[in-house]
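The next block is entry.txt, given as compact mmCIF, C-alpha atoms and all ligand atoms.
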```
# COMPACT_ATOMS: atom_id res chain seq x y z
CA MET A 1 13.54 44.00 45.14
CA SER A 2 11.67 40.68 45.29
CA ASP A 3 10.40 39.54 48.69
CA ALA A 4 12.79 36.61 48.48
CA VAL A 5 15.76 38.93 48.03
CA SER A 6 14.88 41.04 51.08
CA ARG A 7 14.25 37.91 53.15
CA LEU A 8 17.59 36.50 51.94
CA ALA A 9 19.30 39.58 53.37
CA GLU A 10 17.50 39.08 56.71
CA VAL A 11 18.51 35.42 56.87
CA ARG A 12 22.11 36.35 56.04
CA SER A 13 22.23 38.87 58.91
CA ALA A 14 20.65 36.38 61.31
CA ILE A 15 23.32 33.83 60.32
CA ALA A 16 26.08 36.40 60.86
CA ALA A 17 24.64 37.31 64.28
CA ALA A 18 24.30 33.68 65.39
CA THR A 19 27.85 32.95 64.17
CA ALA A 20 29.23 35.90 66.17
CA ASP A 21 27.19 34.94 69.26
CA ALA A 22 28.67 31.45 69.09
CA LYS A 23 32.17 33.03 68.88
CA ARG A 24 32.73 31.24 65.63
CA PRO A 25 34.69 32.75 62.71
CA GLU A 26 32.80 35.04 60.36
CA GLY A 27 31.79 33.18 57.22
CA SER A 28 32.09 29.73 58.81
CA VAL A 29 28.41 28.92 58.14
CA THR A 30 27.18 28.33 54.58
CA LEU A 31 23.59 29.09 53.71
CA VAL A 32 21.91 26.43 51.59
CA ALA A 33 18.85 28.19 50.12
CA VAL A 34 16.19 25.51 49.77
CA SER A 35 14.38 26.19 46.50
CA LYS A 36 12.36 22.98 46.23
CA THR A 37 9.04 23.40 44.39
CA PHE A 38 9.84 27.02 43.47
CA PRO A 39 10.15 27.84 39.76
CA ILE A 40 13.09 29.33 37.90
CA GLU A 41 11.52 32.79 38.07
CA ALA A 42 11.55 32.68 41.89
CA ILE A 43 15.13 31.38 42.10
CA GLU A 44 16.80 33.65 39.55
CA PRO A 45 16.54 36.88 41.64
CA VAL A 46 18.15 35.07 44.58
CA LEU A 47 21.03 34.01 42.32
CA ALA A 48 21.28 37.55 40.98
CA ALA A 49 21.53 38.76 44.61
CA GLY A 50 24.66 36.65 45.03
CA GLN A 51 23.38 33.45 46.66
CA ARG A 52 25.19 30.45 45.14
CA VAL A 53 24.35 27.36 47.21
CA PHE A 54 20.89 25.82 46.83
CA GLY A 55 19.05 22.75 48.08
CA GLU A 56 16.52 20.65 46.19
CA ASN A 57 14.45 17.67 47.35
CA TYR A 58 13.22 16.06 44.16
CA VAL A 59 15.27 14.87 41.18
CA GLN A 60 12.57 15.72 38.62
CA ASP A 61 11.98 19.20 40.02
CA ALA A 62 15.73 19.95 40.03
CA LYS A 63 16.17 18.56 36.53
CA GLY A 64 13.58 20.99 35.20
CA LYS A 65 15.36 24.03 36.63
CA TRP A 66 19.08 23.69 37.22
CA PRO A 67 20.47 22.84 33.78
CA GLU A 68 19.01 26.15 32.60
CA LEU A 69 19.95 28.17 35.69
CA ARG A 70 23.50 26.81 35.60
CA GLN A 71 23.97 28.15 32.09
CA ARG A 72 23.49 31.61 33.52
CA TYR A 73 25.23 30.92 36.84
CA PRO A 74 27.89 28.27 36.21
CA ASP A 75 29.27 28.63 39.75
CA ALA A 76 25.97 27.69 41.42
CA GLU A 77 26.25 24.69 43.75
CA VAL A 78 23.20 22.45 44.06
CA HIS A 79 22.66 20.06 46.97
CA MET A 80 20.27 17.12 47.00
CA ILE A 81 18.62 17.18 50.42
CA GLY A 82 15.61 14.89 49.83
CA PRO A 83 15.32 11.10 49.99
CA LEU A 84 17.09 9.53 47.01
CA GLN A 85 15.87 6.36 45.32
CA SER A 86 18.64 4.10 44.03
CA ASN A 87 17.11 4.13 40.54
CA LYS A 88 17.68 7.90 40.42
CA ALA A 89 21.40 7.60 41.20
CA LYS A 90 22.48 8.28 37.63
CA GLU A 91 20.44 11.48 37.37
CA ALA A 92 21.53 12.57 40.84
CA VAL A 93 25.22 12.15 39.95
CA ALA A 94 24.66 14.21 36.79
CA LEU A 95 22.71 16.99 38.53
CA PHE A 96 24.03 17.57 42.03
CA ASP A 97 27.34 18.84 43.42
CA VAL A 98 26.59 17.56 46.91
CA ILE A 99 24.26 14.72 47.91
CA GLU A 100 23.31 15.16 51.58
CA THR A 101 21.11 12.09 51.94
CA LEU A 102 23.46 9.15 51.60
CA ASP A 103 21.96 6.63 54.02
CA ARG A 104 22.26 3.02 52.90
CA PRO A 105 24.75 0.63 51.30
CA SER A 106 22.52 -0.13 48.29
CA LEU A 107 22.43 3.59 47.42
CA ALA A 108 26.18 3.98 48.02
CA LYS A 109 26.81 1.11 45.64
CA GLU A 110 24.61 2.59 42.88
CA LEU A 111 26.24 5.99 43.28
CA GLN A 112 29.71 4.44 43.07
CA LYS A 113 28.67 2.65 39.87
CA GLU A 114 27.30 5.82 38.25
CA ILE A 115 30.35 7.87 39.24
CA GLN A 116 32.58 5.25 37.65
CA LYS A 117 30.43 5.22 34.51
CA ALA A 118 30.72 9.00 34.28
CA GLY A 119 34.46 8.41 33.94
CA GLY A 120 35.69 11.17 36.22
CA THR A 121 33.47 13.89 34.72
CA ARG A 122 31.23 14.00 37.80
CA ARG A 123 32.54 13.77 41.38
CA PRO A 124 29.79 14.81 43.79
CA ARG A 125 30.62 15.17 47.47
CA PHE A 126 28.50 13.39 50.04
CA LEU A 127 27.00 13.84 53.47
CA VAL A 128 25.71 10.87 55.41
CA GLN A 129 22.21 11.47 56.73
CA VAL A 130 21.79 10.43 60.37
CA ASN A 131 18.33 9.68 61.74
CA THR A 132 19.12 11.18 65.15
CA GLY A 133 15.58 10.63 66.43
CA ALA A 134 15.40 7.02 65.13
CA GLU A 135 12.08 7.84 63.45
CA PRO A 136 10.81 4.92 61.38
CA GLN A 137 9.41 7.07 58.55
CA LYS A 138 12.60 9.09 58.16
CA GLY A 139 15.70 8.37 56.10
CA GLY A 140 19.15 8.20 57.61
CA VAL A 141 21.35 5.71 59.39
CA LEU A 142 20.86 5.21 63.11
CA PRO A 143 23.37 7.14 65.25
CA GLU A 144 24.99 3.90 66.45
CA GLU A 145 25.47 2.75 62.85
CA ALA A 146 26.89 6.03 61.58
CA ASP A 147 30.62 5.41 62.13
CA ALA A 148 30.60 2.03 60.37
CA PHE A 149 28.52 3.36 57.48
CA ILE A 150 30.76 6.41 57.00
CA ARG A 151 33.79 4.11 56.90
CA ALA A 152 32.09 1.79 54.37
CA CYS A 153 31.14 4.71 52.13
CA ARG A 154 34.75 5.82 52.01
CA GLU A 155 36.58 2.50 51.97
CA THR A 156 34.19 0.11 50.22
CA TYR A 157 32.42 2.50 47.85
CA GLY A 158 35.15 5.13 47.39
CA LEU A 159 32.73 8.03 47.96
CA ASP A 160 33.96 11.48 48.95
CA VAL A 161 32.15 11.80 52.30
CA GLU A 162 32.76 15.24 53.78
CA GLY A 163 30.12 15.41 56.48
CA VAL A 164 26.81 14.51 58.04
CA MET A 165 23.28 15.92 58.02
CA CYS A 166 20.15 15.45 60.11
CA ILE A 167 16.50 16.47 60.28
CA PRO A 168 15.46 16.34 63.95
CA PRO A 169 11.96 15.13 64.91
CA ALA A 170 9.45 17.94 64.34
CA ASP A 171 7.95 17.62 67.83
CA GLU A 172 11.13 17.68 69.93
CA PRO A 173 13.60 20.40 70.91
CA PRO A 174 16.28 20.18 68.22
CA ALA A 175 19.35 21.05 70.32
CA PRO A 176 20.15 17.50 71.58
CA HIS A 177 19.90 16.22 68.00
CA PHE A 178 22.22 18.97 66.76
CA ALA A 179 24.70 18.17 69.54
CA LEU A 180 24.65 14.47 68.64
CA LEU A 181 25.29 15.21 64.95
CA THR A 182 28.25 17.45 65.78
CA THR A 183 29.70 14.72 67.99
CA ILE A 184 29.39 12.17 65.18
CA ALA A 185 31.09 14.55 62.72
CA ARG A 186 33.99 15.25 65.12
CA ARG A 187 34.70 11.67 66.02
CA ASN A 188 34.79 10.75 62.31
CA GLY A 189 37.00 13.69 61.36
CA LEU A 190 34.32 15.21 59.10
CA LYS A 191 34.29 18.93 58.38
CA THR A 192 30.68 19.47 57.27
CA VAL A 193 27.68 19.47 59.61
CA SER A 194 24.39 20.24 57.81
CA MET A 195 21.56 21.00 60.23
CA GLY A 196 19.01 23.69 60.99
CA MET A 197 16.06 24.88 58.89
CA SER A 198 13.92 28.05 58.90
CA ALA A 199 12.56 27.42 62.39
CA ASP A 200 15.80 26.59 64.16
CA TYR A 201 18.92 27.57 62.20
CA PRO A 202 20.28 29.97 64.88
CA THR A 203 20.22 27.08 67.39
CA ALA A 204 21.96 24.85 64.86
CA ILE A 205 24.70 27.46 64.42
CA ALA A 206 25.18 27.63 68.19
CA MET A 207 25.60 23.83 68.17
CA GLY A 208 28.18 23.70 65.38
CA ALA A 209 26.35 23.69 62.02
CA THR A 210 28.61 24.50 59.07
CA HIS A 211 25.62 24.44 56.67
CA VAL A 212 22.04 25.53 57.39
CA ARG A 213 19.23 24.61 54.99
CA VAL A 214 16.72 27.44 54.88
CA GLY A 215 13.69 27.41 52.56
CA SER A 216 10.47 29.10 53.62
CA ALA A 217 12.24 31.93 55.50
CA ILE A 218 13.63 32.98 52.10
CA PHE A 219 11.19 31.83 49.43
CA GLY A 220 7.99 32.00 51.48
CA ALA A 221 5.49 29.24 52.15
CA ARG A 222 5.46 26.35 49.71
CA GLY A 223 2.20 25.77 47.88
C1 LIG A 301 12.36 21.52 52.98
C2 LIG A 301 13.61 21.21 53.71
C3 LIG A 301 14.35 22.21 54.34
C4 LIG A 301 13.90 23.66 54.42
O1 LIG A 301 12.82 23.74 55.29
P1 LIG A 301 12.22 25.19 55.70
O2 LIG A 301 11.48 24.90 56.94
O3 LIG A 301 11.36 25.62 54.56
O4 LIG A 301 13.37 26.09 55.93
C5 LIG A 301 15.56 21.86 54.93
N1 LIG A 301 16.00 20.59 54.92
C6 LIG A 301 15.31 19.60 54.34
C7 LIG A 301 15.87 18.23 54.35
C8 LIG A 301 14.09 19.86 53.73
O5 LIG A 301 13.40 18.86 53.17
```
Re-express the file's structure as structure tokens.
Ligand SMILES: *Cc1c(COP(=O)(O)O)cnc(C)c1O
Amino acid sequence: MSDAVSRLAEVRSAIAAATADAKRPEGSVTLVAVSKTFPIEAIEPVLAAGQRVFGENYVQDAKGKWPELRQRYPDAEVHMIGPLQSNKAKEAVALFDVIETLDRPSLAKELQKEIQKAGGTRRPRFLVQVNTGAEPQKGGVLPEEADAFIRACRETYGLDVEGVMCIPPADEPPAPHFALLTTIARRNGLKTVSMGMSADYPTAIAMGATHVRVGSAIFGARG
């Protein structure tokens, strides 16, 4: 068994334990295995072990791996979790099933255009990224702008927004950020809350995450 496959099993049990501790239904948390920078050979055993949902940060990196992997695993679901430039909207619509980093009107507009051009062949789902810590270097809409932006994505740009995601500041306890994101999801009637990474996914599950994005705890340290 590859190291990644045994670590995958550990992460799965930790998710199940955190879900039970939070008195939430079994299976209510989806693991997004973050495979950014790892090659096909590292990802394939994790697919073979039954994992189907993956996260990638870079369009080029994903483009070099997923068309091939999808031929072998057509039911794989790939999420874009990194910052997305508007000029990559076309490739992103072609490659990803879920784009978690929708965070500005100019990007929403480009995505709408590319979805229309694809003529109904590609209908990615979207999460709005919220910059819960209002960090200047980080993507995401400010918490106080989230409701209006979510509405605009749906009504003005016709995008299928199903949830929200956040990356809390690295140097702060994440729990208040997780709580804020869950509140924003609830008041907008959104079902998906993507939060929690290798260091803090059990906390995120306690605070309502429906999706946790776990990379290094499965694949090991990135080079
Ligand atoms: C890299 C990354 C992750 C995974 O981080 P780990 O600490 O390796 O689990 C999760 N979410 C986002 C947005 C990332 O960029």
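When all atoms listed in the file are used to measure the gap to ligand LIG 301 (chain A), the shortest distance among A:Ile99, A:Leu107, A:Ala199, A:Val141 belongs to A:Ala199.
Of the listed residues (A:Ile43, A:Leu84, A:Ala94, A:Val5), A:Leu84 comes nearest to Gly139 in chain A; the distances count only C-alpha atoms.
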request  = Let me have all residues with an atom within 6 Å of ligand LIG 301 (chain A), counting all atoms listed in the file, laid out as a PyMOL selection string.
outcome  = chain A and resi 34+81-82+197-198+213-217
Tell me, counting all atoms listed in the file, for each residue of range 102-132 of chain A within 10 Å of range 169-184 of chain A, which pair of atoms is nearest and how far apart they are in Å to one decimal, in rows ordered by chain and increasing number, as a tab-separated table.
```
residue	atom	partner	partner_atom	distance
A:Gln129	CA	A:Leu181	CA	9.5
A:Val130	CA	A:Leu181	CA	7.5
A:Asn131	CA	A:Pro169	CA	9.0
A:Thr132	CA	A:His177	CA	5.8
```
remark   = Restricting to all atoms listed in the file, whichever of A:Pro136, A:Pro83, A:Gly55, A:Pro202 is closest to Ala33 in chain A is A:Gly55
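You can rank A:Ala92, A:Ala62, A:Leu159, A:Ala148 by their closest distance to Lys109 in chain A using all atoms listed in the file, and at the top of that list sits A:Leu159.
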Just give me the residues with any atom within 12 Å of (32.5, 14.4, 62.3), file coordinates, counting only C-alpha atoms, written as a short mmCIF file (atom, residue, chain, number, x, y, z; two decimals) with C-alpha atoms, keeping the file's coordinate frame.
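As a result, part_18.cif now contains:
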```cif
data_model
loop_
_atom_site.label_atom_id
_atom_site.label_comp_id
_atom_site.auth_asym_id
_atom_site.auth_seq_id
_atom_site.Cartn_x
_atom_site.Cartn_y
_atom_site.Cartn_z
CA LEU A 127 27.00 13.84 53.47
CA VAL A 128 25.71 10.87 55.41
CA VAL A 130 21.79 10.43 60.37
CA ALA A 146 26.89 6.03 61.58
CA ASP A 147 30.62 5.41 62.13
CA ILE A 150 30.76 6.41 57.00
CA ARG A 151 33.79 4.11 56.90
CA VAL A 161 32.15 11.80 52.30
CA GLU A 162 32.76 15.24 53.78
CA GLY A 163 30.12 15.41 56.48
CA VAL A 164 26.81 14.51 58.04
CA MET A 165 23.28 15.92 58.02
CA ALA A 179 24.70 18.17 69.54
CA LEU A 180 24.65 14.47 68.64
CA LEU A 181 25.29 15.21 64.95
CA THR A 182 28.25 17.45 65.78
CA THR A 183 29.70 14.72 67.99
CA ILE A 184 29.39 12.17 65.18
CA ALA A 185 31.09 14.55 62.72
CA ARG A 186 33.99 15.25 65.12
CA ARG A 187 34.70 11.67 66.02
CA ASN A 188 34.79 10.75 62.31
CA GLY A 189 37.00 13.69 61.36
CA LEU A 190 34.32 15.21 59.10
CA LYS A 191 34.29 18.93 58.38
CA THR A 192 30.68 19.47 57.27
CA VAL A 193 27.68 19.47 59.61
CA SER A 194 24.39 20.24 57.81
CA GLY A 208 28.18 23.70 65.38
CA ALA A 209 26.35 23.69 62.02
CA THR A 210 28.61 24.50 59.07
#
```
ask   = Smallest atom-to-atom distance to Val32 in chain A: which of A:Val59, A:Cys153, A:Ala134, A:Val11, using only C-alpha atoms?
value =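 Going through A:Val59, A:Cys153, A:Ala134, A:Val11 one by one, the smallest distance to Val32 in chain A is for A:Val11.
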ask   = Which distance in Å separates CA of Met195 in chain A and CA of Lys23 in chain A, to one decimal?
value =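 About the pair CA of Met195 in chain A and CA of Lys23 in chain A: they are 18.2 Å apart.
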message = Report, in Å to a single decimal, how far apart CA of Glu114 in chain A and CA of Arg70 in chain A are.
response =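 Distance between the two atoms: 21.5 Å.
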request  = Mind checking which residues fall within 10 Å of Ile115 in chain A, counting all atoms listed in the file, ignoring those fewer than 3 positions away in the same chain, and posting them as a PyMOL selection string?
outcome  = chain A and resi 89-90+93-94+109-112+118-124+158-159
ask   = Which distance in Å separates CA of Glu100 in chain A and CA of His79 in chain A, to one decimal?
value =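 That distance, rounded to one decimal, is 6.8 Å.
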query = Nearest to Gln116 in chain A among A:Gly223, A:Gln71, A:Tyr157, A:Asp200, with distances taken over only C-alpha atoms: which residue is it?
reply = A:Tyr157
task = With all atoms listed in the file counted, which protein, DNA or RNA residues have an atom no more than 7 Å from (27.9, 18.4, 45.6) in the file frame? Please answer as a list in words.
result =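 Every residue inside that radius is included here: Glu77, Val78, His79, Phe96, Asp97, Val98, Ile99, Pro124, Arg125 and Phe126 of chain A.
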